[in-house]
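Right, one structure below, let's go through it.
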Amino acid sequence: MSNDTRPFVRRAALGAFAAALAALVVPSAPAHAATAHPAVALAKPGNGAGVLTLTVPADRPGAAPLTIDCTVTPSTPFRYYGGPYGGGEEGLASVSCSAPVYKIQLDVALYYNGSQVTYNSNTVYNALSATADTEYPLKQGSYQTGARATITTVLGGTPATSPIYGSAVVTLP
């Protein structure tokens, strides 16, 4: 091989190497679309357990899917003093996940004598947990807190929504 062809051979080899490297680092459009927006499968929650189980598909060949359990907990309503109504009934809800998720939207509602009377929502990003509360002026009757969570595990992923879980019912004089 003469000295005149070596620069050309080196450039061709470097070009082939760069193309191969780019193929490894930058996936093709179909592969990128499949891994950027993985589907989330919702497992049926247990009987009153308040657990939402999400499965995030593996983003690499041969990797195992990730299972995330998110526990949705409505608290038993309680009487509070002071605040916007000078006292009343308050319902709290929380959700706690076993691994960080992209987005948690937690909805909480307070039911008075079986009818929803107030509602609130809280959304957090890149979190393990969230809480939300709602308040209602105190009246004689029965109260119950309801909670529902909508979880999105990854950016662009499909959100999964839990059933509405209810707390114990309390009756206030």
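Naming works like this for the structure tokens: A, B, ... for the chains as they're shown, residue 1 at the start of each chain, ligands 1 onward in shown order.
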
- prompt: If you count only C-alpha atoms, which residues fall within 9 Å of range 131-141 of chain A, apart from same-chain ones fewer than 6 positions away, as a PyMOL selection string?
  reply: chain A and resi 79-80+84-96+106-110+112-113+117-123+170-173

- prompt: Ala127 in chain A: which residues within 8 Å, counting only C-alpha atoms, same-chain residues fewer than 4 positions away excluded, as a PyMOL selection string?
  reply: chain A and resi 100-104

Include N, CA and C atoms and write out the residues we just selected as a short mmCIF file (atom, residue, chain, number, x, y, z; two decimals), in the first residue's frame.
```
data_model
loop_
_atom_site.label_atom_id
_atom_site.label_comp_id
_atom_site.auth_asym_id
_atom_site.auth_seq_id
_atom_site.Cartn_x
_atom_site.Cartn_y
_atom_site.Cartn_z
N PRO A 100 -39.57 5.90 42.68
CA PRO A 100 -39.97 7.22 42.16
C PRO A 100 -40.75 7.09 40.85
N VAL A 101 -41.74 7.95 40.69
CA VAL A 101 -42.55 7.99 39.46
C VAL A 101 -42.51 9.41 38.91
N TYR A 102 -42.83 9.55 37.63
CA TYR A 102 -42.79 10.86 36.98
C TYR A 102 -43.84 11.81 37.55
N LYS A 103 -45.09 11.32 37.73
CA LYS A 103 -46.17 12.22 38.15
C LYS A 103 -47.17 11.47 39.02
N ILE A 104 -47.58 12.11 40.10
CA ILE A 104 -48.66 11.60 40.96
C ILE A 104 -49.71 12.70 41.05
#
```

query: In Å, with one decimal, what is the gap from CA of Asp69 in chain A to CA of Val51 in chain A?
result: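 Those two atoms sit 6.4 Å apart.
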
- request: Figure out the distance between CA of Gln116 in chain A and CA of Gly83 in chain A, please, to one decimal in Å.
  value: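 Between these atoms lies a distance of 20.6 Å.
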
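For the set A:Pro57, A:Gly166, A:Gln105, A:Thr161, the residue with the smallest atom-to-atom gap to Pro77 in chain A is A:Gly166, counting only C-alpha atoms.
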
Among range 41-158 of chain A, which ones does DSSP place in strand (DSSP E), written as a short mmCIF file (atom, residue, chain, number, x, y, z; two decimals) with N, CA, C and O atoms, in the first residue's frame?
```cif
data_model
loop_
_atom_site.label_atom_id
_atom_site.label_comp_id
_atom_site.auth_asym_id
_atom_site.auth_seq_id
_atom_site.Cartn_x
_atom_site.Cartn_y
_atom_site.Cartn_z
N ALA A 41 -49.06 -1.31 32.66
CA ALA A 41 -50.12 -2.28 32.87
C ALA A 41 -50.64 -2.15 34.30
O ALA A 41 -49.86 -2.12 35.24
N LEU A 42 -51.93 -2.06 34.46
CA LEU A 42 -52.56 -1.92 35.77
C LEU A 42 -52.98 -3.29 36.27
O LEU A 42 -53.73 -4.00 35.61
N ALA A 43 -52.48 -3.68 37.44
CA ALA A 43 -52.90 -4.92 38.06
C ALA A 43 -54.14 -4.64 38.90
O ALA A 43 -54.30 -3.54 39.42
N VAL A 51 -53.91 -0.69 47.06
CA VAL A 51 -52.61 -0.74 46.39
C VAL A 51 -52.82 -0.78 44.88
O VAL A 51 -53.57 -1.59 44.37
N LEU A 52 -52.15 0.12 44.19
CA LEU A 52 -52.16 0.19 42.73
C LEU A 52 -50.81 -0.34 42.28
O LEU A 52 -49.77 0.20 42.64
N THR A 53 -50.79 -1.44 41.52
CA THR A 53 -49.54 -2.04 41.07
C THR A 53 -49.33 -1.69 39.60
O THR A 53 -50.19 -1.96 38.77
N LEU A 54 -48.18 -1.10 39.31
CA LEU A 54 -47.84 -0.67 37.96
C LEU A 54 -46.63 -1.46 37.47
O LEU A 54 -45.71 -1.72 38.24
N THR A 55 -46.63 -1.82 36.20
CA THR A 55 -45.49 -2.50 35.62
C THR A 55 -44.94 -1.64 34.50
O THR A 55 -45.65 -1.31 33.56
N VAL A 56 -43.68 -1.27 34.63
CA VAL A 56 -43.01 -0.48 33.61
C VAL A 56 -42.17 -1.45 32.78
O VAL A 56 -41.28 -2.10 33.30
N LEU A 66 -39.95 -3.32 35.59
CA LEU A 66 -39.96 -2.78 36.95
C LEU A 66 -41.40 -2.77 37.46
O LEU A 66 -42.29 -2.27 36.78
N THR A 67 -41.62 -3.32 38.65
CA THR A 67 -42.94 -3.29 39.28
C THR A 67 -42.92 -2.25 40.38
O THR A 67 -42.04 -2.26 41.24
N ILE A 68 -43.90 -1.35 40.35
CA ILE A 68 -44.01 -0.29 41.35
C ILE A 68 -45.36 -0.41 42.03
O ILE A 68 -46.39 -0.44 41.36
N ASP A 69 -45.37 -0.51 43.36
CA ASP A 69 -46.61 -0.54 44.13
C ASP A 69 -46.84 0.84 44.72
O ASP A 69 -45.95 1.41 45.35
N CYS A 70 -48.04 1.39 44.51
CA CYS A 70 -48.41 2.68 45.08
C CYS A 70 -49.62 2.46 45.99
O CYS A 70 -50.65 1.98 45.54
N THR A 71 -49.47 2.78 47.26
CA THR A 71 -50.52 2.59 48.25
C THR A 71 -51.29 3.89 48.43
O THR A 71 -50.72 4.92 48.78
N VAL A 72 -52.60 3.82 48.16
CA VAL A 72 -53.49 4.98 48.27
C VAL A 72 -54.23 4.85 49.60
O VAL A 72 -54.89 3.84 49.84
N THR A 73 -54.13 5.89 50.45
CA THR A 73 -54.72 5.82 51.79
C THR A 73 -55.60 7.03 52.07
O THR A 73 -55.10 8.15 52.19
N PRO A 74 -56.92 6.83 52.18
CA PRO A 74 -57.79 7.92 52.65
C PRO A 74 -57.86 7.84 54.18
O PRO A 74 -58.04 6.78 54.75
N PHE A 78 -61.73 13.97 60.30
CA PHE A 78 -61.61 14.42 61.68
C PHE A 78 -62.03 15.87 61.79
O PHE A 78 -62.02 16.61 60.81
N ARG A 79 -62.39 16.26 63.00
CA ARG A 79 -62.81 17.63 63.27
C ARG A 79 -61.58 18.49 63.49
O ARG A 79 -60.63 18.08 64.14
N TYR A 80 -61.57 19.69 62.88
CA TYR A 80 -60.48 20.62 63.10
C TYR A 80 -61.07 21.92 63.65
O TYR A 80 -62.26 22.18 63.52
N GLY A 88 -64.32 22.74 61.42
CA GLY A 88 -65.12 21.92 60.52
C GLY A 88 -64.59 20.51 60.45
O GLY A 88 -63.97 20.03 61.39
N GLU A 89 -64.85 19.87 59.34
CA GLU A 89 -64.46 18.49 59.12
C GLU A 89 -63.40 18.47 58.03
O GLU A 89 -63.51 19.18 57.03
N GLU A 90 -62.35 17.65 58.20
CA GLU A 90 -61.26 17.59 57.23
C GLU A 90 -60.99 16.15 56.83
O GLU A 90 -61.04 15.24 57.65
N GLY A 91 -60.72 15.98 55.56
CA GLY A 91 -60.34 14.67 55.03
C GLY A 91 -58.96 14.77 54.40
O GLY A 91 -58.66 15.70 53.66
N LEU A 92 -58.10 13.83 54.73
CA LEU A 92 -56.75 13.76 54.19
C LEU A 92 -56.59 12.49 53.37
O LEU A 92 -57.24 11.47 53.65
N ALA A 93 -55.72 12.53 52.38
CA ALA A 93 -55.38 11.35 51.60
C ALA A 93 -53.89 11.38 51.31
O ALA A 93 -53.28 12.44 51.24
N SER A 94 -53.33 10.19 51.15
CA SER A 94 -51.91 10.11 50.80
C SER A 94 -51.70 8.94 49.84
O SER A 94 -52.52 8.02 49.77
N VAL A 95 -50.62 9.03 49.10
CA VAL A 95 -50.20 7.92 48.24
C VAL A 95 -48.69 7.80 48.41
O VAL A 95 -47.98 8.80 48.50
N SER A 96 -48.22 6.56 48.51
CA SER A 96 -46.80 6.29 48.68
C SER A 96 -46.41 5.18 47.71
O SER A 96 -47.03 4.12 47.72
N CYS A 97 -45.39 5.42 46.90
CA CYS A 97 -44.95 4.46 45.89
C CYS A 97 -43.62 3.83 46.28
O CYS A 97 -42.81 4.45 46.97
N SER A 98 -43.39 2.61 45.82
CA SER A 98 -42.17 1.88 46.16
C SER A 98 -40.95 2.32 45.36
O SER A 98 -39.83 1.94 45.69
N ALA A 99 -41.15 3.12 44.33
CA ALA A 99 -40.05 3.67 43.52
C ALA A 99 -40.51 5.02 43.00
O ALA A 99 -41.71 5.28 42.88
N PRO A 100 -39.57 5.90 42.68
CA PRO A 100 -39.97 7.22 42.16
C PRO A 100 -40.75 7.09 40.85
O PRO A 100 -40.46 6.23 40.03
N VAL A 101 -41.74 7.95 40.69
CA VAL A 101 -42.55 7.99 39.46
C VAL A 101 -42.51 9.41 38.91
O VAL A 101 -42.21 10.36 39.63
N TYR A 102 -42.83 9.55 37.63
CA TYR A 102 -42.79 10.86 36.98
C TYR A 102 -43.84 11.81 37.55
O TYR A 102 -43.55 12.96 37.84
N LYS A 103 -45.09 11.32 37.73
CA LYS A 103 -46.17 12.22 38.15
C LYS A 103 -47.17 11.47 39.02
O LYS A 103 -47.57 10.35 38.70
N ILE A 104 -47.58 12.11 40.10
CA ILE A 104 -48.66 11.60 40.96
C ILE A 104 -49.71 12.70 41.05
O ILE A 104 -49.40 13.83 41.44
N GLN A 105 -50.94 12.36 40.67
CA GLN A 105 -52.07 13.27 40.90
C GLN A 105 -52.96 12.57 41.92
O GLN A 105 -53.47 11.48 41.68
N LEU A 106 -53.14 13.20 43.07
CA LEU A 106 -53.94 12.63 44.14
C LEU A 106 -55.20 13.47 44.32
O LEU A 106 -55.12 14.68 44.52
N ASP A 107 -56.35 12.81 44.21
CA ASP A 107 -57.64 13.47 44.40
C ASP A 107 -58.22 13.03 45.73
O ASP A 107 -58.18 11.85 46.07
N VAL A 108 -58.78 13.98 46.48
CA VAL A 108 -59.42 13.67 47.76
C VAL A 108 -60.79 14.34 47.77
O VAL A 108 -60.95 15.46 47.28
N ALA A 109 -61.77 13.63 48.31
CA ALA A 109 -63.13 14.18 48.42
C ALA A 109 -63.67 13.87 49.81
O ALA A 109 -63.31 12.87 50.42
N LEU A 110 -64.53 14.75 50.29
CA LEU A 110 -65.20 14.53 51.57
C LEU A 110 -66.68 14.31 51.28
O LEU A 110 -67.29 15.08 50.53
N TYR A 111 -67.22 13.25 51.85
CA TYR A 111 -68.63 12.90 51.67
C TYR A 111 -69.37 13.19 52.97
O TYR A 111 -68.92 12.82 54.05
N TYR A 112 -70.52 13.85 52.86
CA TYR A 112 -71.37 14.17 54.01
C TYR A 112 -72.70 13.46 53.78
O TYR A 112 -73.37 13.69 52.76
N SER A 115 -73.09 11.97 50.28
CA SER A 115 -72.96 12.81 49.08
C SER A 115 -71.65 13.60 49.13
O SER A 115 -71.30 14.14 50.18
N GLN A 116 -70.97 13.70 48.00
CA GLN A 116 -69.73 14.46 47.95
C GLN A 116 -70.03 15.94 48.12
O GLN A 116 -70.88 16.49 47.43
N VAL A 117 -69.32 16.57 49.07
CA VAL A 117 -69.56 17.99 49.33
C VAL A 117 -68.33 18.86 49.06
O VAL A 117 -68.45 20.07 48.91
N THR A 118 -67.16 18.27 49.01
CA THR A 118 -65.95 19.04 48.73
C THR A 118 -64.91 18.13 48.10
O THR A 118 -64.98 16.91 48.23
N TYR A 119 -63.95 18.77 47.41
CA TYR A 119 -62.98 18.04 46.62
C TYR A 119 -61.70 18.85 46.52
O TYR A 119 -61.74 20.09 46.50
N ASN A 120 -60.55 18.20 46.43
CA ASN A 120 -59.28 18.87 46.21
C ASN A 120 -58.36 17.90 45.49
O ASN A 120 -58.58 16.69 45.51
N SER A 121 -57.32 18.45 44.86
CA SER A 121 -56.37 17.65 44.12
C SER A 121 -54.98 18.22 44.31
O SER A 121 -54.82 19.43 44.46
N ASN A 122 -53.98 17.36 44.31
CA ASN A 122 -52.59 17.79 44.40
C ASN A 122 -51.77 16.98 43.41
O ASN A 122 -51.93 15.76 43.33
N THR A 123 -50.91 17.65 42.65
CA THR A 123 -50.06 16.98 41.67
C THR A 123 -48.60 17.25 42.01
O THR A 123 -48.22 18.40 42.25
N VAL A 124 -47.80 16.18 42.05
CA VAL A 124 -46.36 16.30 42.29
C VAL A 124 -45.63 15.56 41.17
O VAL A 124 -46.17 14.63 40.57
N TYR A 125 -44.40 15.97 40.92
CA TYR A 125 -43.59 15.38 39.87
C TYR A 125 -42.31 14.78 40.45
O TYR A 125 -41.76 15.31 41.42
N ASN A 126 -41.84 13.70 39.83
CA ASN A 126 -40.60 13.02 40.23
C ASN A 126 -40.59 12.78 41.74
O ASN A 126 -39.75 13.31 42.45
N ALA A 127 -41.55 12.01 42.18
CA ALA A 127 -41.74 11.83 43.62
C ALA A 127 -42.05 10.38 43.97
O ALA A 127 -42.42 9.57 43.12
N LEU A 128 -41.94 10.10 45.26
CA LEU A 128 -42.33 8.81 45.83
C LEU A 128 -43.71 8.89 46.47
O LEU A 128 -44.39 7.87 46.62
N SER A 129 -44.13 10.10 46.88
CA SER A 129 -45.38 10.22 47.62
C SER A 129 -46.03 11.58 47.39
O SER A 129 -45.40 12.51 46.88
N ALA A 130 -47.31 11.65 47.80
CA ALA A 130 -48.07 12.90 47.72
C ALA A 130 -49.16 12.87 48.77
O ALA A 130 -49.59 11.80 49.20
N THR A 131 -49.61 14.05 49.17
CA THR A 131 -50.74 14.17 50.09
C THR A 131 -51.69 15.25 49.57
O THR A 131 -51.29 16.12 48.81
N ALA A 132 -52.94 15.15 49.99
CA ALA A 132 -53.95 16.16 49.63
C ALA A 132 -54.95 16.23 50.78
O ALA A 132 -55.18 15.24 51.48
N ASP A 133 -55.56 17.39 50.97
CA ASP A 133 -56.58 17.54 52.01
C ASP A 133 -57.72 18.39 51.50
O ASP A 133 -57.59 19.14 50.54
N THR A 134 -58.86 18.25 52.16
CA THR A 134 -60.03 19.05 51.84
C THR A 134 -60.81 19.30 53.12
O THR A 134 -60.77 18.49 54.05
N GLU A 135 -61.53 20.42 53.18
CA GLU A 135 -62.25 20.81 54.40
C GLU A 135 -63.69 21.18 54.08
O GLU A 135 -64.01 21.60 52.96
N TYR A 136 -64.54 21.03 55.11
CA TYR A 136 -65.96 21.35 54.96
C TYR A 136 -66.48 21.85 56.31
O TYR A 136 -66.07 21.34 57.36
N PRO A 137 -67.39 22.86 56.31
CA PRO A 137 -67.94 23.33 57.58
C PRO A 137 -68.63 22.20 58.33
O PRO A 137 -69.31 21.37 57.73
N GLY A 141 -73.88 14.85 61.26
CA GLY A 141 -74.08 13.83 60.24
C GLY A 141 -72.88 12.91 60.12
O GLY A 141 -71.97 12.93 60.95
N SER A 142 -72.89 12.10 59.07
CA SER A 142 -71.79 11.15 58.87
C SER A 142 -70.86 11.65 57.76
O SER A 142 -71.31 12.26 56.79
N TYR A 143 -69.56 11.37 57.94
CA TYR A 143 -68.54 11.82 57.01
C TYR A 143 -67.66 10.64 56.60
O TYR A 143 -67.41 9.73 57.38
N GLN A 144 -67.17 10.73 55.37
CA GLN A 144 -66.25 9.74 54.85
C GLN A 144 -65.30 10.43 53.87
O GLN A 144 -65.70 11.34 53.15
N THR A 145 -64.03 10.00 53.86
CA THR A 145 -63.04 10.53 52.91
C THR A 145 -62.88 9.53 51.77
O THR A 145 -62.81 8.33 52.00
N GLY A 146 -62.81 10.05 50.55
CA GLY A 146 -62.52 9.22 49.38
C GLY A 146 -61.22 9.68 48.75
O GLY A 146 -60.90 10.88 48.76
N ALA A 147 -60.43 8.73 48.23
CA ALA A 147 -59.15 9.07 47.61
C ALA A 147 -58.95 8.26 46.33
O ALA A 147 -59.31 7.09 46.27
N ARG A 148 -58.37 8.93 45.34
CA ARG A 148 -58.04 8.28 44.07
C ARG A 148 -56.72 8.86 43.57
O ARG A 148 -56.50 10.06 43.65
N ALA A 149 -55.84 7.99 43.06
CA ALA A 149 -54.55 8.44 42.54
C ALA A 149 -54.43 8.10 41.06
O ALA A 149 -54.89 7.05 40.62
N THR A 150 -53.83 9.02 40.32
CA THR A 150 -53.48 8.77 38.92
C THR A 150 -51.97 8.88 38.84
O THR A 150 -51.40 9.93 39.15
N ILE A 151 -51.33 7.78 38.44
CA ILE A 151 -49.87 7.69 38.44
C ILE A 151 -49.37 7.58 37.00
O ILE A 151 -49.87 6.77 36.22
N THR A 152 -48.36 8.38 36.67
CA THR A 152 -47.65 8.27 35.40
C THR A 152 -46.21 7.93 35.76
O THR A 152 -45.53 8.73 36.41
#
```

message: To one decimal place in Å, what is the distance between CA of Ser162 in chain A and CA of Ser75 in chain A?
response: 16.3 Å
